[in-house]
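Student: My structure is stored as data_17.csv, with CSV, C-alpha atoms and all ligand atoms.
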chain,number,residue,atom,x,y,z
A,1,MET,CA,99.5,113.5,75.1
A,2,ASN,CA,102.1,110.8,74.8
A,3,SER,CA,104.2,109.2,77.5
A,4,ALA,CA,107.2,111.5,77.0
A,5,GLN,CA,105.0,114.6,77.3
A,6,LEU,CA,103.4,113.3,80.6
A,7,ILE,CA,106.8,112.4,82.1
A,8,SER,CA,108.2,115.8,81.1
A,9,PHE,CA,105.3,117.6,82.7
A,10,GLU,CA,105.8,115.8,86.1
A,11,LYS,CA,109.6,116.5,85.9
A,12,LYS,CA,108.8,120.2,85.4
A,13,ILE,CA,106.5,120.2,88.4
A,14,ALA,CA,109.0,118.3,90.5
A,15,SER,CA,111.7,120.9,89.7
A,16,LEU,CA,109.4,123.8,90.5
A,17,PHE,CA,108.5,122.1,93.8
A,18,ASN,CA,112.1,121.5,94.7
A,19,LYS,CA,112.9,125.2,93.9
A,20,ALA,CA,110.2,126.2,96.5
A,21,LYS,CA,107.9,127.7,93.8
A,22,ILE,CA,104.9,125.6,94.9
A,23,ARG,CA,103.8,126.2,98.5
A,24,SER,CA,101.4,123.2,98.9
A,25,PRO,CA,101.7,119.4,98.6
A,26,ILE,CA,102.1,117.8,95.2
A,27,HIS,CA,101.7,114.1,94.4
A,28,LEU,CA,103.4,112.9,91.2
A,29,TYR,CA,103.0,109.9,89.0
A,30,SER,CA,105.7,107.8,87.2
A,31,ASN,CA,105.9,104.6,85.3
A,32,ASN,CA,102.2,104.4,84.7
A,33,GLU,CA,102.0,106.4,81.5
A,34,LYS,CA,101.2,103.6,79.1
A,35,ALA,CA,98.6,102.1,81.4
A,36,LEU,CA,96.8,105.4,81.7
A,37,ILE,CA,97.0,106.2,78.0
A,38,LYS,CA,95.4,102.8,77.3
A,39,ILE,CA,92.6,103.5,79.8
A,40,PHE,CA,92.0,107.0,78.4
A,41,LYS,CA,91.4,105.5,74.9
A,42,LYS,CA,88.0,104.5,76.3
A,43,ILE,CA,87.2,107.8,78.0
A,44,LYS,CA,85.2,110.3,75.8
A,45,PRO,CA,85.1,114.1,76.3
A,46,ASN,CA,81.6,113.9,77.7
A,47,ASP,CA,82.5,111.3,80.3
A,48,TRP,CA,83.3,112.3,83.9
A,49,VAL,CA,86.7,111.5,85.5
A,50,PHE,CA,87.1,111.4,89.3
A,51,CYS,CA,90.5,111.3,91.0
A,52,SER,CA,92.4,111.5,94.3
A,53,TRP,CA,95.2,113.8,95.3
A,54,ARG,CA,97.4,112.4,92.5
A,55,SER,CA,95.8,113.5,89.2
A,56,HIS,CA,98.1,115.5,87.0
A,57,TYR,CA,98.2,112.8,84.3
A,58,GLN,CA,94.4,112.4,84.3
A,59,CYS,CA,93.9,116.1,83.9
A,60,LEU,CA,96.3,116.3,80.9
A,61,LEU,CA,94.7,113.2,79.3
A,62,LYS,CA,91.2,114.6,79.8
A,63,GLY,CA,92.3,117.6,77.8
A,64,VAL,CA,93.2,120.3,80.4
A,65,PRO,CA,95.8,122.4,78.7
A,66,GLU,CA,99.3,122.2,80.2
A,67,LYS,CA,99.5,125.9,80.9
A,68,ILE,CA,96.2,126.0,82.8
A,69,LEU,CA,97.1,122.9,84.8
A,70,GLU,CA,100.5,124.3,85.7
A,71,LYS,CA,98.9,127.6,86.8
A,72,GLU,CA,96.5,125.8,89.2
A,73,ILE,CA,99.4,123.7,90.6
A,74,LEU,CA,101.5,126.9,91.1
A,75,LYS,CA,98.5,128.3,93.0
A,76,GLY,CA,98.7,125.3,95.4
A,77,LYS,CA,95.8,123.3,94.0
A,78,SER,CA,97.7,120.1,92.9
A,79,ILE,CA,96.1,118.1,95.8
A,80,SER,CA,92.5,118.8,94.7
A,81,LEU,CA,92.4,119.7,91.0
A,82,CYS,CA,88.9,120.3,89.7
A,83,PHE,CA,88.1,121.4,86.1
A,84,PRO,CA,84.3,121.0,85.7
A,85,GLU,CA,84.6,122.4,82.2
A,86,TYR,CA,86.7,119.4,81.2
A,87,LYS,CA,84.6,117.0,83.4
A,88,ILE,CA,87.3,116.1,85.8
A,89,TYR,CA,87.0,116.5,89.6
A,90,SER,CA,89.2,115.3,92.5
A,91,SER,CA,89.3,115.1,96.3
A,92,ALA,CA,92.2,114.7,98.7
A,93,ILE,CA,90.2,112.8,101.3
A,94,VAL,CA,90.9,109.1,101.2
A,95,GLY,CA,87.7,107.5,99.8
A,96,GLY,CA,86.0,110.9,99.6
A,97,ILE,CA,85.7,110.8,95.8
A,98,LEU,CA,84.0,107.4,95.6
A,99,PRO,CA,80.5,108.3,96.7
A,100,ILE,CA,80.6,111.5,94.6
A,101,ALA,CA,81.5,109.4,91.5
A,102,THR,CA,78.9,106.8,92.3
A,103,GLY,CA,76.3,109.6,92.8
A,104,VAL,CA,77.1,111.2,89.4
A,105,ALA,CA,76.8,107.7,87.7
A,106,MET,CA,73.4,107.3,89.4
A,107,ALA,CA,72.3,110.7,88.2
A,108,ASN,CA,73.5,109.9,84.7
A,109,LYS,CA,71.5,106.7,84.7
A,110,LEU,CA,68.4,108.4,86.0
A,111,LYS,CA,68.6,111.2,83.5
A,112,LYS,CA,69.3,108.6,80.7
A,113,LYS,CA,72.6,110.5,79.9
A,114,LYS,CA,75.1,108.7,77.7
A,115,SER,CA,78.1,110.0,79.8
A,116,LYS,CA,80.0,107.4,81.8
A,117,VAL,CA,82.0,107.8,85.0
A,118,PHE,CA,85.6,106.7,85.5
A,119,CYS,CA,86.9,106.8,89.1
A,120,PHE,CA,90.6,106.4,89.9
A,121,LEU,CA,91.8,105.2,93.3
A,122,GLY,CA,94.9,103.9,95.0
A,123,GLU,CA,95.2,100.3,96.2
A,124,MET,CA,94.9,101.4,99.9
A,125,THR,CA,91.7,103.4,99.1
A,126,ALA,CA,90.5,100.3,97.4
A,127,GLU,CA,90.7,98.3,100.7
A,128,THR,CA,88.5,100.8,102.6
A,129,GLY,CA,84.9,100.1,103.5
A,130,ILE,CA,83.5,102.9,101.3
A,131,MET,CA,85.0,101.3,98.2
A,132,HIS,CA,83.1,98.1,98.9
A,133,GLU,CA,79.8,100.0,99.5
A,134,CYS,CA,80.2,102.1,96.3
A,135,LEU,CA,81.2,99.1,94.2
A,136,LYS,CA,78.3,96.9,95.5
A,137,PHE,CA,75.8,99.7,94.9
A,138,SER,CA,77.2,100.4,91.4
A,139,ILE,CA,77.1,96.7,90.4
A,140,ASN,CA,73.6,96.1,91.9
A,141,LYS,CA,72.1,99.2,90.3
A,142,LYS,CA,74.0,98.6,87.0
A,143,LEU,CA,75.5,102.1,87.1
A,144,PRO,CA,77.6,103.5,84.2
A,145,ILE,CA,80.8,103.6,86.2
A,146,HIS,CA,84.2,102.1,86.0
A,147,PHE,CA,86.8,102.0,88.9
A,148,ILE,CA,90.5,102.0,88.2
A,149,VAL,CA,92.6,100.6,91.1
A,150,GLU,CA,96.2,101.9,90.8
A,151,ASP,CA,98.6,99.8,92.9
A,152,ASN,CA,101.9,101.4,93.8
A,153,GLY,CA,102.1,99.1,96.9
A,154,LYS,CA,102.1,101.9,99.5
A,155,SER,CA,99.8,103.9,101.7
A,156,VAL,CA,102.0,107.0,102.2
A,157,CYS,CA,105.1,105.2,103.6
A,158,THR,CA,103.4,102.0,104.7
A,159,ASN,CA,103.3,98.8,102.8
A,160,THR,CA,99.6,98.2,102.0
A,161,ARG,CA,99.8,94.4,102.0
A,162,GLN,CA,101.6,94.3,105.4
A,163,THR,CA,99.0,96.7,106.8
A,164,TRP,CA,96.2,94.3,106.1
A,165,SER,CA,98.3,91.1,106.5
A,166,GLN,CA,97.1,90.2,103.1
A,167,LYS,CA,99.4,88.8,100.4
A,168,LYS,CA,96.8,89.5,97.6
A,169,LEU,CA,94.8,92.6,97.7
A,170,SER,CA,91.0,92.6,97.2
A,171,PHE,CA,91.1,93.8,93.6
A,172,GLU,CA,94.5,92.5,92.6
A,173,ASN,CA,94.5,91.4,88.9
A,174,LYS,CA,90.7,91.9,88.8
A,175,LYS,CA,89.2,92.9,85.4
A,176,SER,CA,85.5,93.3,85.0
A,177,LYS,CA,82.9,95.7,83.6
A,178,PHE,CA,83.3,97.7,86.8
A,179,ILE,CA,87.0,97.3,87.6
A,180,THR,CA,90.4,97.7,86.1
A,181,TYR,CA,93.5,97.0,88.2
A,182,TYR,CA,97.1,97.8,87.3
A,183,LYS,CA,100.4,97.9,89.2
A,184,TYR,CA,103.1,100.6,88.9
A,185,LYS,CA,106.3,101.8,90.6
A,186,LEU,CA,106.6,105.3,91.9
A,187,ILE,CA,110.0,106.9,91.5
A,188,TYR,CA,108.8,109.9,93.5
A,189,PRO,CA,108.0,109.8,97.2
A,190,HIS,CA,104.3,109.7,98.2
A,191,ALA,CA,104.2,113.5,98.2
A,192,GLY,CA,106.7,116.1,97.1
A,193,ALA,CA,109.6,115.5,94.8
A,194,GLY,CA,112.3,114.1,97.1
A,195,LYS,CA,113.8,117.3,98.6
A,196,ARG,CA,112.9,118.9,101.9
A,197,VAL,CA,111.7,122.3,100.8
A,198,GLN,CA,111.8,125.3,103.2
A,199,PHE,CA,110.4,128.7,102.6
B,201,LIG,C1,90.4,110.5,105.3
B,201,LIG,C2,91.9,110.6,105.1
B,201,LIG,N1,92.7,109.9,105.9
B,201,LIG,C3,94.1,110.0,105.7
B,201,LIG,C4,94.6,110.7,104.7
B,201,LIG,C5,96.1,110.8,104.5
B,201,LIG,N2,96.4,110.1,103.3
B,201,LIG,C6,96.7,110.7,102.1
B,201,LIG,S1,97.0,109.6,100.9
B,201,LIG,C7,96.9,108.3,101.9
B,201,LIG,C8,97.3,106.9,101.4
B,201,LIG,C9,96.5,106.5,100.3
B,201,LIG,O1,97.1,105.4,99.6
B,201,LIG,P1,96.6,104.9,98.2
B,201,LIG,O2,95.1,104.9,98.3
B,201,LIG,O3,97.2,103.6,97.9
B,201,LIG,O4,97.0,106.0,97.2
B,201,LIG,P2,98.4,106.5,96.6
B,201,LIG,O5,98.7,107.8,97.4
B,201,LIG,O6,99.4,105.5,96.8
B,201,LIG,O7,98.1,106.9,95.2
B,201,LIG,C10,96.6,108.7,103.2
B,201,LIG,C11,96.4,107.8,104.3
B,201,LIG,C12,93.7,111.4,103.9
B,201,LIG,N3,94.1,112.2,102.9
B,201,LIG,N4,92.3,111.3,104.1
Any chance you could give the structure as structure tokens?
Ligand SMILES: Cc1ncc(C[n+]2csc(CCOP(=O)(O)OP(=O)(O)O)c2C)c(N)n1
Tutor:
Amino acid sequence: MNSAQLISFEKKIASLFNKAKIRSPIHLYSNNEKALIKIFKKIKPNDWVFCSWRSHYQCLLKGVPEKILEKEILKGKSISLCFPEYKIYSSAIVGGILPIATGVAMANKLKKKKSKVFCFLGEMTAETGIMHECLKFSINKKLPIHFIVEDNGKSVCTNTRQTWSQKKLSFENKKSKFITYYKYKLIYPHAGAGKRVQF
């Protein structure tokens, strides 16, 4: 999957949503294609990927076929896409995915499995207490996990830096064995595709 293919998938979903063909929330990505493609160069088919409500790009890059993904989204599953056969799992609860990802990394370590865990989260989720616990536990136990903090500056409609009265966020520009941080600009609203859809 290249950048153009990812962008065109999101555009198709945006159009289906605005035509009232999807009866549940969708959360689209934009302007982060290159960053994600670079991260996925390190992710192997046997590795686990954990995501939030915003996960179309990760599903495509983990190998979920476009048609299968589109079918699930049309069924209303965009907000919590799970394809265990492709080792990708997501949750729409802020912070909810982090302990699950940490637990899988711990199980992989205990079972001496080669598979690594990659956990994606927004910059607001990264400021929550559960992130600090999961990261501390992962670092101290030397778990095979990597967290990717994706900063679009907003928590729904609220400016994340203003929320915490913090000019620089906790993981801003951090790069380590356990963390990758990148910034991107959403052209879409937090949820939906810009039109008020009524059924
Ligand atoms: C426990 C919980 N509280 C509130 C919400 C509503 N909610 C959904 S996304 C979100 C903001 C998350 O922002 P961020 O982590 O930066 O992710 P982004 O949507 O920008 O990718 C909130 C508060 C939720 N889904 N779960």
Student: So which residues are near ligand LIG 201 (chain B), meaning at most 9 Å away with only C-alpha atoms and all ligand atoms counted, given back as a ChimeraX atom specification?
Tutor: /A:27-29,52-54,91-96,121-128,149-158,160,186,190-191
Student: Restricting the calculation to all atoms listed in the file: of A:Met106, A:Leu169, A:Ile148, A:Leu61, which residue gets closest to Tyr181 in chain A?
Tutor: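 Closest to Tyr181 in chain A of all the choices is A:Ile148.
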Student: Name the residues in contact with Lys136 in chain A at a cut-off of 12 Å, using only C-alpha atoms, excluding same-chain residues fewer than 6 positions from it; report them as a ChimeraX atom specification.
Tutor: /A:98-99,102,129-130,142-143,145,147,178-179
Student: My list of candidates is A:Ala20, A:Leu6, A:Leu81, A:Leu74. Which is closest to Arg196 in chain A when distances are computed with all atoms listed in the file?
Tutor: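 Selected residue with least distance to Arg196 in chain A: A:Ala20.
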Student: Hey, can you check how far CA of Ser115 in chain A sits from CA of Asp47 in chain A?
Tutor: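 Distance between the two atoms: 4.6 Å.
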Student: For range 35-41 of chain A, find every residue with an atom within 10 Å (counting all atoms listed in the file), except residues of its own chain fewer than 5 positions away, and show them as number ranges by chain.
Tutor: A: 1-3, 6, 49, 57-58, 61-62, 118, 148, 150, 180-184
Student: Record the distance separating CA of Phe83 in chain A and CA of Pro25 in chain A, expressed in Å with one decimal.
Tutor: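 Spanning CA of Phe83 in chain A to CA of Pro25 in chain A is a straight-line distance of 18.6 Å.
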Student: Could you work out how far CA of Gly103 in chain A lies from CA of Lys141 in chain A, giving the answer in Å with one decimal?
Tutor: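 For CA of Lys141 in chain A relative to CA of Gly103 in chain A, the distance reads 11.5 Å.
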Student: For a quick check of understanding, using only C-alpha atoms, which of A:Lys44, A:Pro144, A:Tyr188, A:Lys87 has the smallest distance to Lys111 in chain A?
Tutor: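 Ranked by minimum distance to Lys111 in chain A, first place goes to A:Pro144.
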Student: Measuring atom to atom with all atoms listed in the file, identify which of A:Leu60, A:Lys174, A:Trp48, A:Ser80 is nearest to Val104 in chain A.
Tutor: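 For Val104 in chain A, the nearest of the given residues is A:Trp48.
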Student: Which residue gives the smallest distance to His132 in chain A among A:Tyr86, A:Phe171, A:Phe50, A:Phe9, with all atoms listed in the file counted?
Tutor: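 Among the listed residues, A:Phe171 lies closest to His132 in chain A.
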Student: Considering all atoms listed in the file, can you say which of A:Val64, A:Ala101, A:Val117, A:Ile13 comes closest to Glu85 in chain A?
Tutor: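 Comparing A:Val64, A:Ala101, A:Val117, A:Ile13 against Glu85 in chain A, the winner is A:Val64.
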Student: Taking 4 positions as the minimum chain separation for residues in the same chain, which residues sit within 10 Å of Lys19 in chain A when counting all atoms listed in the file? Answer as a PyMOL selection string.
Tutor: chain A and resi 13-15+195+197-199
